[in-house]
Every structure is written in structure tokens, then in C-alpha cells.
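Encoded as C-alpha cells, the structure appears first; notes follow it.
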Amino acid sequence: AAGVIQSPRHLIKEKRETATLKCYPIPRHDTVYWYQQGPGQDPQFLISFYEKMQSDKGSIPDRFSAQQFSDYHSELNMSSLELGDSALYFCASSPPGRGLRRETQYFGPGTRLLVL
Amino acid sequence: KQEVTQIPAALSVPEGENLVLNCSFTDSAIYNLQWFRQDPGKGLTSLLLIQSSQREQTSGRLNASLDKSSGRSTLYIAASQPGDSATYLCGSGGSNYKLTFGKGTLLTVNP
């Protein structure tokens, strides 16, 4: 079965550079979530989109922005990178409808970002 | 603000043992509770989701329960196997189903 695709899988950047992370949800999923997992930490919710509109916002720095496109893929743009942005960034998607399937989030493999 | 706690932080058991992982949350107004497995350096694999109106869900050797009133969920693993070794995370689903995670339980099943 198709899974969530994230690219790139690994990214190395210098401080103050910019980075763009991409997420391709499972086909026909309309909701995308972004999470950040620092070293040894639990994943923290950043932002989510439903039907191409932002649906919720968590602890996302102002230096970060994100959007969901017409084909439902999403991009997380990160500017003025700091050492503390080094983390594993997960994207998750969920399908339309109701009930258990609608609420279940399916996670991608993550993008490991290292800021030097 | 929702806070999720998982106990124990680490657990080591011999193969074949039944075990229970615990998850507690401070705000009982949750939409759901989802259990995940995470292998080192990998993504999260969804194991079970319990909606707020449900008490438990089962999948194979896994059984998850939810008691909203006491702010607790448990994940029961029967007849543990070395392949079950991983970090287990619970996430409480809030508004718009965004998840608040605990720090996880690192499970090691010894052959």
C-alpha cells in the first residue's frame, strides 16, 4: 500500500540558510500534519492543513511557513535556520470521511535536518 | 495545555512475557488516543486508535484501553517477541485531531 512520502530524507544546512521540506500524502488523503522531533524528544505538533486550508497551528516558529497545494502535497519552508532546528520532521496524513479512519494519522519516514 | 506522560520510560522483558505500557494525560477532553511504534531513526507506525467514545481496541496481540475519566490509557502486548522491541509512543488527539505525545516507553524483548 502507498505510504506518505517525504523528501528529502536527509538535509544538511548552515545557520541562517533556508530549507524546504516536502510531503506527499497517501493518495486521496486530504489532511496533512507536520511534527518536529528533536533529539531524544517526543514529536511536537507544528501545523496542519485540511483541504488546502490551514486547520490548526502549534509551536511553529515565525521563521517557518507551510502550505498545502492543489494536489494535496505540502511544503514546510524554514528560513534563518538555527542550530536548534536540527530535528526529525515528520509529515502525517489522514483520509476524508468519519470515524476511526478519518482520525488515524499515517506518518511518513521523516526528514532529518541537520543545521551546522 | 495537554500533558502526556508514559511510564515506564524503559522496560526490558524476556520473550513470551505479557506486558503493559501506561499512558496518562492531564486533559480528559480528548478526541482520541493513538498508540504508535517507532524504531530507531524511523517514522511512527500507527498501532491502534481509540476514539473518545470507545473503551478499547484490539489488533492481533495488541489491546489498547482508554479511561477518559481517569486520564489513562494502557497498551497490552501479549506473548512478546524480540521483533516487538521499539519505542512505543502514545498520542492524545485534541481539536482538529492534532496529537500531543508522551516521551515514549523503550521496550526491549530479550530472546
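We name chains A, B, ... following the order of the C-alpha cells; residues begin at 1 in each chain, and ligands are numbered from 1 as shown.
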
Residues of chain A within 8 Å of chain B, only C-alpha atoms counted, as number ranges by chain: A: 33, 41-45, 48, 55-56, 90, 99-100, 103-110

Strand (DSSP E) residues, from DSSP on the backbone, in chain B, as a PyMOL selection string: chain B and resi 4-7+10-14+19-25+32-38+44-51+56-59+62-67+72-77+86-93+99-101+105-110

Mind checking which residues fall within 12 Å of Ser93 of chain A, counting only C-alpha atoms, ignoring those fewer than 2 positions away in the same chain, and posting them as a PDB file with N, CA and C atoms, in the first residue's frame?
ATOM      1  N   ALA A   2       0.387   2.285  -0.667  1.00  0.00           N
ATOM      2  CA  ALA A   2       1.152   3.526  -0.740  1.00  0.00           C
ATOM      3  C   ALA A   2       1.238   4.146   0.637  1.00  0.00           C
ATOM      4  N   GLY A   3       2.411   4.771   0.921  1.00  0.00           N
ATOM      5  CA  GLY A   3       2.592   5.443   2.193  1.00  0.00           C
ATOM      6  C   GLY A   3       2.862   6.908   1.969  1.00  0.00           C
ATOM      7  N   VAL A   4       3.036   7.628   3.064  1.00  0.00           N
ATOM      8  CA  VAL A   4       3.377   9.045   2.980  1.00  0.00           C
ATOM      9  C   VAL A   4       4.835   9.156   2.535  1.00  0.00           C
ATOM     10  N   ILE A   5       5.069  10.041   1.582  1.00  0.00           N
ATOM     11  CA  ILE A   5       6.419  10.235   1.065  1.00  0.00           C
ATOM     12  C   ILE A   5       6.941  11.593   1.501  1.00  0.00           C
ATOM     13  N   GLN A   6       8.158  11.597   2.016  1.00  0.00           N
ATOM     14  CA  GLN A   6       8.772  12.852   2.409  1.00  0.00           C
ATOM     15  C   GLN A   6      10.107  12.992   1.677  1.00  0.00           C
ATOM     16  N   CYS A  23       6.156  17.010   1.486  1.00  0.00           N
ATOM     17  CA  CYS A  23       5.376  15.876   1.969  1.00  0.00           C
ATOM     18  C   CYS A  23       4.311  15.534   0.934  1.00  0.00           C
ATOM     19  N   TYR A  24       4.266  14.275   0.549  1.00  0.00           N
ATOM     20  CA  TYR A  24       3.248  13.774  -0.379  1.00  0.00           C
ATOM     21  C   TYR A  24       2.373  12.777   0.383  1.00  0.00           C
ATOM     22  N   PRO A  25       1.134  13.172   0.676  1.00  0.00           N
ATOM     23  CA  PRO A  25       0.277  12.294   1.485  1.00  0.00           C
ATOM     24  C   PRO A  25      -0.136  11.048   0.726  1.00  0.00           C
ATOM     25  N   ILE A  26      -0.679  10.105   1.462  1.00  0.00           N
ATOM     26  CA  ILE A  26      -1.236   8.915   0.840  1.00  0.00           C
ATOM     27  C   ILE A  26      -2.327   9.359  -0.144  1.00  0.00           C
ATOM     28  N   PRO A  27      -2.398   8.760  -1.335  1.00  0.00           N
ATOM     29  CA  PRO A  27      -3.409   9.173  -2.304  1.00  0.00           C
ATOM     30  C   PRO A  27      -4.810   9.232  -1.721  1.00  0.00           C
ATOM     31  N   ARG A  28      -5.503  10.291  -2.017  1.00  0.00           N
ATOM     32  CA  ARG A  28      -6.878  10.576  -1.589  1.00  0.00           C
ATOM     33  C   ARG A  28      -6.977  11.024  -0.132  1.00  0.00           C
ATOM     34  N   HIS A  29      -5.852  11.170   0.549  1.00  0.00           N
ATOM     35  CA  HIS A  29      -5.886  11.785   1.875  1.00  0.00           C
ATOM     36  C   HIS A  29      -5.925  13.300   1.700  1.00  0.00           C
ATOM     37  N   ASP A  30      -6.762  13.970   2.510  1.00  0.00           N
ATOM     38  CA  ASP A  30      -6.936  15.402   2.326  1.00  0.00           C
ATOM     39  C   ASP A  30      -6.383  16.246   3.467  1.00  0.00           C
ATOM     40  N   THR A  31      -5.873  15.593   4.493  1.00  0.00           N
ATOM     41  CA  THR A  31      -5.371  16.306   5.668  1.00  0.00           C
ATOM     42  C   THR A  31      -3.898  15.964   5.882  1.00  0.00           C
ATOM     43  N   VAL A  32      -3.114  17.000   6.161  1.00  0.00           N
ATOM     44  CA  VAL A  32      -1.674  16.830   6.392  1.00  0.00           C
ATOM     45  C   VAL A  32      -1.297  17.497   7.709  1.00  0.00           C
ATOM     46  N   TYR A  33      -0.467  16.826   8.471  1.00  0.00           N
ATOM     47  CA  TYR A  33       0.048  17.346   9.736  1.00  0.00           C
ATOM     48  C   TYR A  33       1.571  17.382   9.645  1.00  0.00           C
ATOM     49  N   TRP A  34       2.185  18.367  10.298  1.00  0.00           N
ATOM     50  CA  TRP A  34       3.646  18.417  10.419  1.00  0.00           C
ATOM     51  C   TRP A  34       4.017  18.379  11.897  1.00  0.00           C
ATOM     52  N   TYR A  35       5.047  17.566  12.199  1.00  0.00           N
ATOM     53  CA  TYR A  35       5.559  17.444  13.555  1.00  0.00           C
ATOM     54  C   TYR A  35       7.081  17.567  13.521  1.00  0.00           C
ATOM     55  N   SER A  48      -1.171  22.063  10.675  1.00  0.00           N
ATOM     56  CA  SER A  48      -1.933  21.090   9.893  1.00  0.00           C
ATOM     57  C   SER A  48      -2.770  21.797   8.846  1.00  0.00           C
ATOM     58  N   PHE A  49      -3.121  21.041   7.805  1.00  0.00           N
ATOM     59  CA  PHE A  49      -3.928  21.552   6.695  1.00  0.00           C
ATOM     60  C   PHE A  49      -5.026  20.554   6.373  1.00  0.00           C
ATOM     61  N   TYR A  50      -6.202  21.122   6.064  1.00  0.00           N
ATOM     62  CA  TYR A  50      -7.323  20.302   5.633  1.00  0.00           C
ATOM     63  C   TYR A  50      -7.882  20.938   4.373  1.00  0.00           C
ATOM     64  N   GLU A  51      -7.963  20.157   3.327  1.00  0.00           N
ATOM     65  CA  GLU A  51      -8.468  20.657   2.050  1.00  0.00           C
ATOM     66  C   GLU A  51      -7.797  21.980   1.656  1.00  0.00           C
ATOM     67  N   GLN A  68      -0.433  23.839   1.741  1.00  0.00           N
ATOM     68  CA  GLN A  68      -0.869  22.623   1.065  1.00  0.00           C
ATOM     69  C   GLN A  68      -1.344  23.026  -0.317  1.00  0.00           C
ATOM     70  N   TYR A  72      -2.685  18.312  -2.971  1.00  0.00           N
ATOM     71  CA  TYR A  72      -2.650  17.921  -1.553  1.00  0.00           C
ATOM     72  C   TYR A  72      -1.255  17.709  -0.991  1.00  0.00           C
ATOM     73  N   HIS A  73      -0.210  17.849  -1.788  1.00  0.00           N
ATOM     74  CA  HIS A  73       1.099  17.763  -1.180  1.00  0.00           C
ATOM     75  C   HIS A  73       1.358  19.044  -0.382  1.00  0.00           C
ATOM     76  N   SER A  74       2.264  18.957   0.565  1.00  0.00           N
ATOM     77  CA  SER A  74       2.514  20.095   1.441  1.00  0.00           C
ATOM     78  C   SER A  74       4.008  20.379   1.487  1.00  0.00           C
ATOM     79  N   PHE A  90       8.448  15.182  10.736  1.00  0.00           N
ATOM     80  CA  PHE A  90       7.502  14.199  10.233  1.00  0.00           C
ATOM     81  C   PHE A  90       6.305  14.880   9.609  1.00  0.00           C
ATOM     82  N   CYS A  91       5.828  14.263   8.573  1.00  0.00           N
ATOM     83  CA  CYS A  91       4.555  14.620   7.988  1.00  0.00           C
ATOM     84  C   CYS A  91       3.629  13.423   8.187  1.00  0.00           C
ATOM     85  N   PRO A  95      -7.245  10.375   5.955  1.00  0.00           N
ATOM     86  CA  PRO A  95      -8.199  10.373   4.850  1.00  0.00           C
ATOM     87  C   PRO A  95      -9.463  11.151   5.184  1.00  0.00           C
ATOM     88  N   PRO A  96     -10.277  11.456   4.167  1.00  0.00           N
ATOM     89  CA  PRO A  96     -11.568  12.097   4.422  1.00  0.00           C
ATOM     90  C   PRO A  96     -12.545  11.100   5.025  1.00  0.00           C
ATOM     91  N   ARG A 101     -10.921   5.748  10.656  1.00  0.00           N
ATOM     92  CA  ARG A 101     -10.009   6.024   9.534  1.00  0.00           C
ATOM     93  C   ARG A 101      -9.728   7.513   9.445  1.00  0.00           C
ATOM     94  N   ARG A 102     -10.742   8.333   9.621  1.00  0.00           N
ATOM     95  CA  ARG A 102     -10.574   9.781   9.492  1.00  0.00           C
ATOM     96  C   ARG A 102      -9.603  10.299  10.550  1.00  0.00           C
ATOM     97  N   GLU A 103      -9.657   9.730  11.743  1.00  0.00           N
ATOM     98  CA  GLU A 103      -8.863  10.243  12.851  1.00  0.00           C
ATOM     99  C   GLU A 103      -7.456   9.651  12.902  1.00  0.00           C
ATOM    100  N   THR A 104      -7.245   8.536  12.214  1.00  0.00           N
ATOM    101  CA  THR A 104      -5.924   7.905  12.263  1.00  0.00           C
ATOM    102  C   THR A 104      -4.928   8.676  11.413  1.00  0.00           C
ATOM    103  N   GLN A 105      -3.786   8.961  11.995  1.00  0.00           N
ATOM    104  CA  GLN A 105      -2.730   9.656  11.255  1.00  0.00           C
ATOM    105  C   GLN A 105      -1.673   8.643  10.821  1.00  0.00           C
ATOM    106  N   TYR A 106      -1.311   8.724   9.555  1.00  0.00           N
ATOM    107  CA  TYR A 106      -0.313   7.836   8.973  1.00  0.00           C
ATOM    108  C   TYR A 106       0.944   8.662   8.725  1.00  0.00           C
ATOM    109  N   PHE A 107       2.014   8.255   9.379  1.00  0.00           N
ATOM    110  CA  PHE A 107       3.230   9.053   9.342  1.00  0.00           C
ATOM    111  C   PHE A 107       4.180   8.628   8.225  1.00  0.00           C
ATOM    112  N   GLY A 108       4.884   9.626   7.699  1.00  0.00           N
ATOM    113  CA  GLY A 108       5.959   9.361   6.760  1.00  0.00           C
ATOM    114  C   GLY A 108       7.237   9.021   7.502  1.00  0.00           C
TER     115      GLY A 108
ATOM    116  N   SER B  46       1.445   3.564  13.087  1.00  0.00           N
ATOM    117  CA  SER B  46       0.222   3.545  13.884  1.00  0.00           C
ATOM    118  C   SER B  46      -0.133   2.111  14.255  1.00  0.00           C
ATOM    119  N   TYR B  97      -7.736  16.991  15.717  1.00  0.00           N
ATOM    120  CA  TYR B  97      -7.033  15.720  15.823  1.00  0.00           C
ATOM    121  C   TYR B  97      -5.524  15.849  15.931  1.00  0.00           C
ATOM    122  N   LYS B  98      -5.012  17.078  16.209  1.00  0.00           N
ATOM    123  CA  LYS B  98      -3.567  17.182  16.360  1.00  0.00           C
ATOM    124  C   LYS B  98      -3.152  16.387  17.585  1.00  0.00           C
TER     125      LYS B  98
END

List as a count of residues only the protein and nucleic acid residues near segment 76-82 of chain A, meaning an atom at most 6 Å away when only C-alpha atoms are counted, but skip any in the same chain fewer than 6 places from it. 11

Please provide the set of residues having any atom within 12 Å of Gln81 of chain B, restricted to only C-alpha atoms, with same-chain residues fewer than 5 positions apart removed, written as number ranges by chain. B: 12-19, 61, 86, 107-111

If we count only C-alpha atoms and set the cut-off at 8 Å, which residues sit around Ile7 of chain B, ignoring sequence neighbours fewer than 5 positions away in its own chain? Please answer as a PyMOL selection string. chain B and resi 21-23+104-105

Save the residues we just selected, N, CA, C and O atoms, as a short mmCIF file (atom, residue, chain, number, x, y, z; two decimals), in the first residue's frame?
data_model
loop_
_atom_site.label_atom_id
_atom_site.label_comp_id
_atom_site.auth_asym_id
_atom_site.auth_seq_id
_atom_site.Cartn_x
_atom_site.Cartn_y
_atom_site.Cartn_z
N LEU B 21 2.00 -1.26 28.90
CA LEU B 21 2.58 0.07 28.84
C LEU B 21 1.51 1.08 29.23
O LEU B 21 0.34 0.94 28.83
N ASN B 22 1.91 2.08 29.99
CA ASN B 22 0.95 3.05 30.52
C ASN B 22 1.11 4.44 29.93
O ASN B 22 2.23 4.88 29.65
N CYS B 23 0.00 5.10 29.78
CA CYS B 23 -0.03 6.46 29.24
C CYS B 23 -1.07 7.23 30.04
O CYS B 23 -2.20 6.76 30.21
N GLY B 104 7.44 8.42 25.43
CA GLY B 104 7.62 7.06 24.95
C GLY B 104 8.15 6.11 25.99
O GLY B 104 8.73 6.51 27.01
N THR B 105 7.93 4.82 25.71
CA THR B 105 8.50 3.73 26.51
C THR B 105 9.38 2.92 25.58
O THR B 105 8.91 2.43 24.54
#

How far is it from atom CA of Leu66 of chain B to atom CA of Gly38 of chain A, in Å with one decimal? 27.9 Å
